[in-house]
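*Asks:* This is target37.csv, which holds CSV, N, CA, C and O atoms:
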```csv
chain,number,residue,atom,x,y,z
K,1,PRO,N,5.2,21.9,-17.8
K,1,PRO,CA,4.6,20.8,-17.0
K,1,PRO,C,4.8,21.0,-15.5
K,1,PRO,O,5.7,21.6,-15.1
K,2,PRO,N,3.9,20.3,-14.8
K,2,PRO,CA,4.1,20.4,-13.3
K,2,PRO,C,5.4,19.8,-12.9
K,2,PRO,O,5.9,18.9,-13.5
K,3,GLN,N,5.9,20.3,-11.8
K,3,GLN,CA,7.2,19.8,-11.2
K,3,GLN,C,6.9,19.2,-9.8
K,3,GLN,O,6.2,19.9,-9.0
K,4,VAL,N,7.5,18.1,-9.5
K,4,VAL,CA,7.3,17.4,-8.2
K,4,VAL,C,8.1,18.3,-7.1
K,4,VAL,O,9.3,18.5,-7.3
K,5,LEU,N,7.4,18.7,-6.1
K,5,LEU,CA,8.0,19.4,-5.0
K,5,LEU,C,8.3,18.4,-3.8
K,5,LEU,O,9.3,18.6,-3.1
K,6,GLY,N,7.4,17.5,-3.6
K,6,GLY,CA,7.5,16.6,-2.4
K,6,GLY,C,6.9,15.3,-2.7
K,6,GLY,O,5.9,15.2,-3.3
K,7,ARG,N,7.7,14.2,-2.4
K,7,ARG,CA,7.2,12.9,-2.6
K,7,ARG,C,6.8,12.2,-1.3
K,7,ARG,O,7.4,12.6,-0.2
K,8,VAL,N,5.9,11.2,-1.3
K,8,VAL,CA,5.5,10.4,-0.2
K,8,VAL,C,6.0,9.0,-0.5
K,8,VAL,O,5.7,8.5,-1.6
K,9,THR,N,6.6,8.4,0.5
K,9,THR,CA,7.0,7.0,0.3
K,9,THR,C,5.8,6.1,0.4
K,9,THR,O,5.0,6.2,1.4
K,10,PRO,N,5.6,5.2,-0.6
K,10,PRO,CA,4.5,4.2,-0.5
K,10,PRO,C,4.6,3.4,0.8
K,10,PRO,O,5.6,2.9,1.2
K,11,GLU,N,3.4,3.2,1.4
K,11,GLU,CA,3.4,2.3,2.6
K,11,GLU,C,3.2,0.9,2.2
K,11,GLU,O,2.2,0.6,1.5
K,12,LEU,N,4.1,0.0,2.7
K,12,LEU,CA,4.0,-1.4,2.3
K,12,LEU,C,4.4,-2.2,3.6
K,12,LEU,O,5.2,-1.8,4.4
K,13,THR,N,3.7,-3.4,3.7
K,13,THR,CA,4.1,-4.3,4.7
K,13,THR,C,5.5,-4.9,4.3
K,13,THR,O,5.9,-4.8,3.2
K,14,ALA,N,6.1,-5.6,5.2
K,14,ALA,CA,7.4,-6.2,4.9
K,14,ALA,C,7.3,-7.2,3.7
K,14,ALA,O,8.1,-7.3,2.8
K,15,GLU,N,6.2,-8.0,3.8
K,15,GLU,CA,5.9,-9.0,2.7
K,15,GLU,C,5.7,-8.3,1.4
K,15,GLU,O,6.2,-8.7,0.3
K,16,ASP,N,4.9,-7.2,1.3
K,16,ASP,CA,4.7,-6.5,0.1
K,16,ASP,C,5.9,-5.7,-0.4
K,16,ASP,O,6.1,-5.6,-1.6
K,17,ALA,N,6.7,-5.3,0.5
K,17,ALA,CA,8.0,-4.6,0.2
K,17,ALA,C,8.9,-5.6,-0.6
K,17,ALA,O,9.5,-5.2,-1.6
K,18,ALA,N,9.0,-6.8,-0.1
K,18,ALA,CA,9.7,-7.8,-0.8
K,18,ALA,C,9.1,-8.1,-2.2
K,18,ALA,O,9.8,-8.3,-3.2
K,19,ARG,N,7.8,-8.1,-2.2
K,19,ARG,CA,7.1,-8.4,-3.5
K,19,ARG,C,7.3,-7.3,-4.5
K,19,ARG,O,7.4,-7.6,-5.7
K,20,CYS,N,7.5,-6.1,-4.1
K,20,CYS,CA,7.7,-5.0,-5.0
K,20,CYS,C,9.1,-4.7,-5.3
K,20,CYS,O,9.4,-3.8,-6.1
K,21,ALA,N,10.1,-5.4,-4.7
K,21,ALA,CA,11.5,-5.1,-4.9
K,21,ALA,C,11.8,-5.1,-6.4
K,21,ALA,O,11.4,-6.0,-7.2
K,22,ALA,N,12.6,-4.1,-6.8
K,22,ALA,CA,13.1,-3.9,-8.2
K,22,ALA,C,12.0,-3.7,-9.2
K,22,ALA,O,12.2,-3.9,-10.4
K,23,GLN,N,10.8,-3.2,-8.8
K,23,GLN,CA,9.8,-2.9,-9.7
K,23,GLN,C,9.6,-1.4,-9.9
K,23,GLN,O,10.0,-0.6,-9.0
K,24,GLN,N,9.0,-1.0,-11.0
K,24,GLN,CA,8.7,0.4,-11.2
K,24,GLN,C,7.3,0.5,-11.6
K,24,GLN,O,6.7,-0.3,-12.3
K,25,VAL,N,6.6,1.6,-11.1
K,25,VAL,CA,5.3,1.9,-11.4
K,25,VAL,C,5.3,3.3,-12.1
K,25,VAL,O,5.9,4.2,-11.5
K,26,VAL,N,4.7,3.4,-13.2
K,26,VAL,CA,4.6,4.7,-13.9
K,26,VAL,C,3.1,5.2,-13.8
K,26,VAL,O,2.2,4.4,-14.1
K,27,LEU,N,3.0,6.5,-13.4
K,27,LEU,CA,1.7,7.0,-13.1
K,27,LEU,C,1.5,8.3,-13.9
K,27,LEU,O,2.5,9.1,-14.2
K,28,SER,N,0.3,8.6,-14.2
K,28,SER,CA,-0.1,9.9,-14.8
K,28,SER,C,-0.9,10.7,-13.7
K,28,SER,O,-1.9,10.1,-13.2
K,29,VAL,N,-0.5,11.9,-13.4
K,29,VAL,CA,-1.1,12.6,-12.3
K,29,VAL,C,-1.7,13.9,-12.8
K,29,VAL,O,-1.0,14.7,-13.5
K,30,LEU,N,-3.0,14.1,-12.6
K,30,LEU,CA,-3.6,15.4,-13.0
K,30,LEU,C,-3.3,16.4,-11.8
K,30,LEU,O,-3.8,16.1,-10.7
K,31,VAL,N,-2.6,17.4,-12.0
K,31,VAL,CA,-2.2,18.4,-11.0
K,31,VAL,C,-3.1,19.6,-11.2
K,31,VAL,O,-3.1,20.2,-12.2
K,32,GLY,N,-3.7,20.0,-10.1
K,32,GLY,CA,-4.6,21.2,-10.1
K,32,GLY,C,-3.8,22.5,-10.0
K,32,GLY,O,-2.6,22.5,-9.8
K,33,GLU,N,-4.5,23.6,-10.2
K,33,GLU,CA,-3.9,24.9,-10.1
K,33,GLU,C,-3.2,25.1,-8.8
K,33,GLU,O,-2.3,25.9,-8.7
K,34,ASP,N,-3.6,24.4,-7.7
K,34,ASP,CA,-3.1,24.6,-6.4
K,34,ASP,C,-1.9,23.7,-6.1
K,34,ASP,O,-1.3,23.7,-5.1
K,35,GLY,N,-1.5,22.9,-7.1
K,35,GLY,CA,-0.4,22.0,-7.0
K,35,GLY,C,-0.7,20.6,-6.4
K,35,GLY,O,0.2,19.8,-6.1
K,36,ARG,N,-2.0,20.4,-6.1
K,36,ARG,CA,-2.4,19.1,-5.5
K,36,ARG,C,-2.9,18.2,-6.6
K,36,ARG,O,-3.6,18.6,-7.5
K,37,PRO,N,-2.6,16.9,-6.4
K,37,PRO,CA,-3.1,15.9,-7.4
K,37,PRO,C,-4.7,15.8,-7.3
K,37,PRO,O,-5.2,15.8,-6.2
K,38,THR,N,-5.3,15.8,-8.4
K,38,THR,CA,-6.8,15.7,-8.5
K,38,THR,C,-7.2,14.3,-9.0
K,38,THR,O,-8.4,13.9,-8.9
K,39,ALA,N,-6.3,13.7,-9.7
K,39,ALA,CA,-6.6,12.3,-10.3
K,39,ALA,C,-5.2,11.7,-10.5
K,39,ALA,O,-4.2,12.3,-10.9
K,40,VAL,N,-5.2,10.3,-10.4
K,40,VAL,CA,-4.0,9.6,-10.6
K,40,VAL,C,-4.4,8.3,-11.4
K,40,VAL,O,-5.3,7.6,-11.0
K,41,ARG,N,-3.7,8.1,-12.5
K,41,ARG,CA,-3.9,6.9,-13.3
K,41,ARG,C,-2.6,6.1,-13.3
K,41,ARG,O,-1.5,6.6,-13.5
K,42,VAL,N,-2.7,4.8,-13.2
K,42,VAL,CA,-1.6,3.9,-13.3
K,42,VAL,C,-1.4,3.6,-14.8
K,42,VAL,O,-2.3,3.1,-15.5
K,43,LEU,N,-0.2,3.9,-15.3
K,43,LEU,CA,0.1,3.6,-16.7
K,43,LEU,C,0.8,2.3,-16.9
K,43,LEU,O,0.5,1.6,-17.9
K,44,SER,N,1.6,1.9,-15.9
K,44,SER,CA,2.3,0.6,-16.0
K,44,SER,C,2.8,0.2,-14.6
K,44,SER,O,3.1,1.0,-13.8
K,45,GLY,N,3.0,-1.1,-14.5
K,45,GLY,CA,3.5,-1.7,-13.2
K,45,GLY,C,3.1,-3.2,-13.2
K,45,GLY,O,2.0,-3.5,-13.6
K,46,GLU,N,4.0,-4.0,-12.8
K,46,GLU,CA,3.8,-5.5,-12.9
K,46,GLU,C,2.8,-6.0,-11.9
K,46,GLU,O,2.0,-6.8,-12.2
K,47,ASP,N,2.9,-5.5,-10.6
K,47,ASP,CA,2.1,-6.2,-9.6
K,47,ASP,C,1.0,-5.2,-9.1
K,47,ASP,O,1.3,-4.0,-8.9
K,48,SER,N,-0.2,-5.7,-8.8
K,48,SER,CA,-1.3,-4.9,-8.4
K,48,SER,C,-1.1,-4.3,-7.0
K,48,SER,O,-1.5,-3.1,-6.8
K,49,VAL,N,-0.4,-4.9,-6.1
K,49,VAL,CA,-0.1,-4.4,-4.8
K,49,VAL,C,0.8,-3.2,-5.0
K,49,VAL,O,0.6,-2.1,-4.3
K,50,CYS,N,1.8,-3.3,-5.8
K,50,CYS,CA,2.8,-2.2,-6.0
K,50,CYS,C,2.1,-1.0,-6.7
K,50,CYS,O,2.3,0.1,-6.3
K,51,ARG,N,1.3,-1.3,-7.7
K,51,ARG,CA,0.6,-0.3,-8.4
K,51,ARG,C,-0.3,0.5,-7.5
K,51,ARG,O,-0.3,1.8,-7.5
K,52,GLU,N,-1.1,-0.2,-6.6
K,52,GLU,CA,-2.0,0.5,-5.7
K,52,GLU,C,-1.2,1.3,-4.6
K,52,GLU,O,-1.6,2.4,-4.3
K,53,ALA,N,-0.1,0.8,-4.1
K,53,ALA,CA,0.7,1.5,-3.1
K,53,ALA,C,1.3,2.8,-3.8
K,53,ALA,O,1.3,3.9,-3.2
K,54,ALA,N,1.7,2.7,-5.0
K,54,ALA,CA,2.3,3.9,-5.7
K,54,ALA,C,1.2,4.9,-6.0
K,54,ALA,O,1.4,6.1,-5.8
K,55,ARG,N,0.0,4.4,-6.4
K,55,ARG,CA,-1.1,5.3,-6.7
K,55,ARG,C,-1.5,6.1,-5.4
K,55,ARG,O,-1.7,7.3,-5.4
K,56,ARG,N,-1.6,5.4,-4.3
K,56,ARG,CA,-2.0,6.1,-3.0
K,56,ARG,C,-0.9,7.1,-2.6
K,56,ARG,O,-1.3,8.2,-2.1
K,57,ALA,N,0.4,6.7,-2.8
K,57,ALA,CA,1.4,7.7,-2.4
K,57,ALA,C,1.4,8.9,-3.3
K,57,ALA,O,1.5,10.1,-2.8
K,58,ALA,N,1.2,8.7,-4.6
K,58,ALA,CA,1.2,9.8,-5.6
K,58,ALA,C,0.0,10.8,-5.3
K,58,ALA,O,0.1,12.0,-5.5
K,59,GLU,N,-1.1,10.3,-4.7
K,59,GLU,CA,-2.2,11.2,-4.4
K,59,GLU,C,-1.8,12.2,-3.3
K,59,GLU,O,-2.5,13.2,-3.1
K,60,GLN,N,-0.7,12.0,-2.6
K,60,GLN,CA,-0.2,12.8,-1.5
K,60,GLN,C,1.0,13.7,-1.9
K,60,GLN,O,1.5,14.5,-1.1
K,61,PHE,N,1.5,13.5,-3.2
K,61,PHE,CA,2.6,14.3,-3.6
K,61,PHE,C,2.2,15.8,-3.7
K,61,PHE,O,1.1,16.2,-3.8
K,62,ALA,N,3.3,16.7,-3.6
K,62,ALA,CA,3.1,18.1,-3.8
K,62,ALA,C,3.8,18.5,-5.1
K,62,ALA,O,4.9,18.0,-5.4
K,63,PHE,N,3.2,19.4,-5.9
K,63,PHE,CA,3.7,19.8,-7.1
K,63,PHE,C,3.7,21.4,-7.3
K,63,PHE,O,2.9,22.1,-6.6
K,64,ASN,N,4.6,21.9,-8.1
K,64,ASN,CA,4.5,23.2,-8.6
K,64,ASN,C,3.6,23.0,-9.9
K,64,ASN,O,4.0,22.3,-10.7
K,65,PRO,N,2.5,23.7,-9.9
K,65,PRO,CA,1.6,23.5,-11.1
K,65,PRO,C,2.2,24.1,-12.4
K,65,PRO,O,3.1,24.9,-12.4
K,66,ALA,N,1.7,23.6,-13.5
K,66,ALA,CA,2.1,24.1,-14.8
K,66,ALA,C,1.6,25.6,-14.9
K,66,ALA,O,0.7,25.9,-14.2
K,67,LEU,N,2.3,26.3,-15.7
K,67,LEU,CA,1.9,27.7,-15.9
K,67,LEU,C,1.5,28.0,-17.4
K,67,LEU,O,2.1,27.4,-18.3
K,68,ASP,N,0.5,28.8,-17.6
K,68,ASP,CA,0.1,29.2,-19.0
K,68,ASP,C,1.1,30.3,-19.5
K,68,ASP,O,2.0,30.7,-18.8
K,69,ALA,N,0.8,30.8,-20.7
K,69,ALA,CA,1.6,31.8,-21.3
K,69,ALA,C,1.7,33.1,-20.5
K,69,ALA,O,2.7,33.8,-20.6
K,70,GLU,N,0.7,33.3,-19.6
K,70,GLU,CA,0.7,34.5,-18.8
K,70,GLU,C,1.2,34.2,-17.4
K,70,GLU,O,1.1,35.0,-16.5
K,71,ARG,N,1.8,33.0,-17.2
K,71,ARG,CA,2.5,32.6,-16.0
K,71,ARG,C,1.4,32.4,-14.9
K,71,ARG,O,1.7,32.5,-13.7
K,72,ARG,N,0.2,32.0,-15.2
K,72,ARG,CA,-0.8,31.7,-14.3
K,72,ARG,C,-0.9,30.2,-14.1
K,72,ARG,O,-0.7,29.4,-15.1
K,73,PRO,N,-1.1,29.6,-12.9
K,73,PRO,CA,-1.2,28.2,-12.7
K,73,PRO,C,-2.4,27.6,-13.5
K,73,PRO,O,-3.4,28.2,-13.5
K,74,VAL,N,-2.1,26.5,-14.1
K,74,VAL,CA,-3.2,25.8,-14.8
K,74,VAL,C,-3.2,24.3,-14.5
K,74,VAL,O,-2.1,23.7,-14.1
K,75,GLU,N,-4.3,23.6,-14.6
K,75,GLU,CA,-4.4,22.2,-14.4
K,75,GLU,C,-3.7,21.5,-15.6
K,75,GLU,O,-3.8,21.9,-16.7
K,76,SER,N,-2.9,20.5,-15.2
K,76,SER,CA,-2.1,19.8,-16.3
K,76,SER,C,-1.7,18.4,-15.8
K,76,SER,O,-1.6,18.1,-14.6
K,77,TRP,N,-1.5,17.5,-16.7
K,77,TRP,CA,-1.1,16.1,-16.4
K,77,TRP,C,0.5,16.0,-16.3
K,77,TRP,O,1.2,16.7,-17.1
K,78,ALA,N,1.0,15.2,-15.4
K,78,ALA,CA,2.4,14.9,-15.2
K,78,ALA,C,2.6,13.4,-15.2
K,78,ALA,O,1.7,12.7,-14.6
K,79,THR,N,3.6,12.9,-15.8
K,79,THR,CA,4.0,11.5,-15.7
K,79,THR,C,5.1,11.4,-14.8
K,79,THR,O,6.1,12.0,-14.9
K,80,ILE,N,4.9,10.5,-13.8
K,80,ILE,CA,6.0,10.2,-12.8
K,80,ILE,C,6.2,8.7,-12.6
K,80,ILE,O,5.3,7.9,-12.9
K,81,GLY,N,7.4,8.4,-12.2
K,81,GLY,CA,7.7,7.0,-11.9
K,81,GLY,C,8.1,6.8,-10.5
K,81,GLY,O,8.7,7.7,-9.9
K,82,ILE,N,7.7,5.7,-9.9
K,82,ILE,CA,8.1,5.3,-8.6
K,82,ILE,C,8.8,4.0,-8.7
K,82,ILE,O,8.2,3.0,-9.2
K,83,GLU,N,10.1,4.0,-8.3
K,83,GLU,CA,10.9,2.7,-8.3
K,83,GLU,C,11.0,2.2,-7.0
K,83,GLU,O,11.3,2.9,-6.0
K,84,PHE,N,10.8,0.9,-6.9
K,84,PHE,CA,10.9,0.1,-5.6
K,84,PHE,C,12.3,-0.6,-5.7
K,84,PHE,O,12.4,-1.5,-6.5
K,85,GLU,N,13.2,-0.2,-4.9
K,85,GLU,CA,14.6,-0.8,-4.9
K,85,GLU,C,14.8,-1.6,-3.7
K,85,GLU,O,14.7,-1.0,-2.6
K,86,GLY,N,15.0,-2.9,-3.8
K,86,GLY,CA,15.2,-3.7,-2.6
K,86,GLY,C,14.0,-3.7,-1.7
K,86,GLY,O,14.2,-3.8,-0.5
K,87,GLY,N,12.9,-3.4,-2.2
K,87,GLY,CA,11.7,-3.4,-1.4
K,87,GLY,C,11.3,-2.1,-0.9
K,87,GLY,O,10.2,-1.9,-0.4
K,88,ASN,N,12.1,-1.1,-1.1
K,88,ASN,CA,11.8,0.3,-0.6
K,88,ASN,C,11.9,1.2,-1.8
K,88,ASN,O,12.8,1.2,-2.6
K,89,PRO,N,10.8,2.1,-1.9
K,89,PRO,CA,10.8,3.1,-3.0
K,89,PRO,C,11.8,4.2,-2.8
K,89,PRO,O,12.3,4.4,-1.8
```
Please lay out the structure from this file as structure tokens.

*Replies:*
Amino acid sequence: PPQVLGRVTPELTAEDAARCAAQQVVLSVLVGEDGRPTAVRVLSGEDSVCREAARRAAEQFAFNPALDAERRPVESWATIGIEFEGGNP
């Protein structure tokens, strides 16, 4: 499966950061052969503001793509979680 190389912190206003405190958003990310996200689906998350912030951040993540049996990069889905602790992910 794809492996996360770099994460981007979701951008939130102070009010939204407080709103997202102690929440988790789980996402499914389609990672292309180049390691870049090509699609992001929200699987779970309580608040729509937190879900959208996590989705936008995940679109900017960097991945090592999955490899096929011949060790060539292939498109593949990855499940990731973003936890907001104390208002900050």

*Asks:* Might you pull out every residue within 8 Å of range 16-23 of chain K, with all atoms listed in the file counted and same-chain residues fewer than 3 positions away left off, and present them as a ChimeraX atom specification?

*Replies:* /K:10-13,26,44-47,49-51,81-89

*Asks:* Counting all atoms listed in the file, select every polymer residue within 8 Å of (2.8, 21.3, -14.2) as defined in the file's coordinates, and provide the selection as a list in words.

*Replies:*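 All residues meeting the 8 Å criterion around (2.8, 21.3, -14.2) are Pro1, Pro2, Gln3, Val4, Val29, Val31, Gly32, Gly35, Phe63, Asn64, Pro65, Ala66, Leu67, Val74, Glu75, Ser76, Trp77 and Ala78 of chain K.
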
*Asks:* Which residue is closest to Ala39 in chain K? Choose from K:Ala53, K:Glu59, K:Asp68, K:Val25 and count only C-alpha atoms.

*Replies:* K:Glu59

*Asks:* Quote the spacing between atom C of Ala62 in chain K and CA of Asp34 in chain K in Å to one decimal place.

*Replies:* 9.3 Å

*Asks:* Please compute the CA of Arg56 in chain K-CA of Glu15 in chain K distance, one decimal, in Å.

*Replies:*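 Atom-to-atom, CA of Arg56 in chain K and CA of Glu15 in chain K are spaced 18.0 Å apart.
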
*Asks:* For a test of reading the model, state the distance in Å between atom C of Thr9 in chain K and atom N of Glu33 in chain K, rounded to one decimal.

*Replies:*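 Atom-to-atom, atom C of Thr9 in chain K to atom N of Glu33 in chain K, that is 22.9 Å.
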
*Asks:* Which residues are close to Gln60 in chain K, i.e. within 8 Å by only C-alpha atoms, leaving aside same-chain residues fewer than 3 positions away? Reply as number ranges by chain.

*Replies:* K: 7-8, 36-37, 56-57
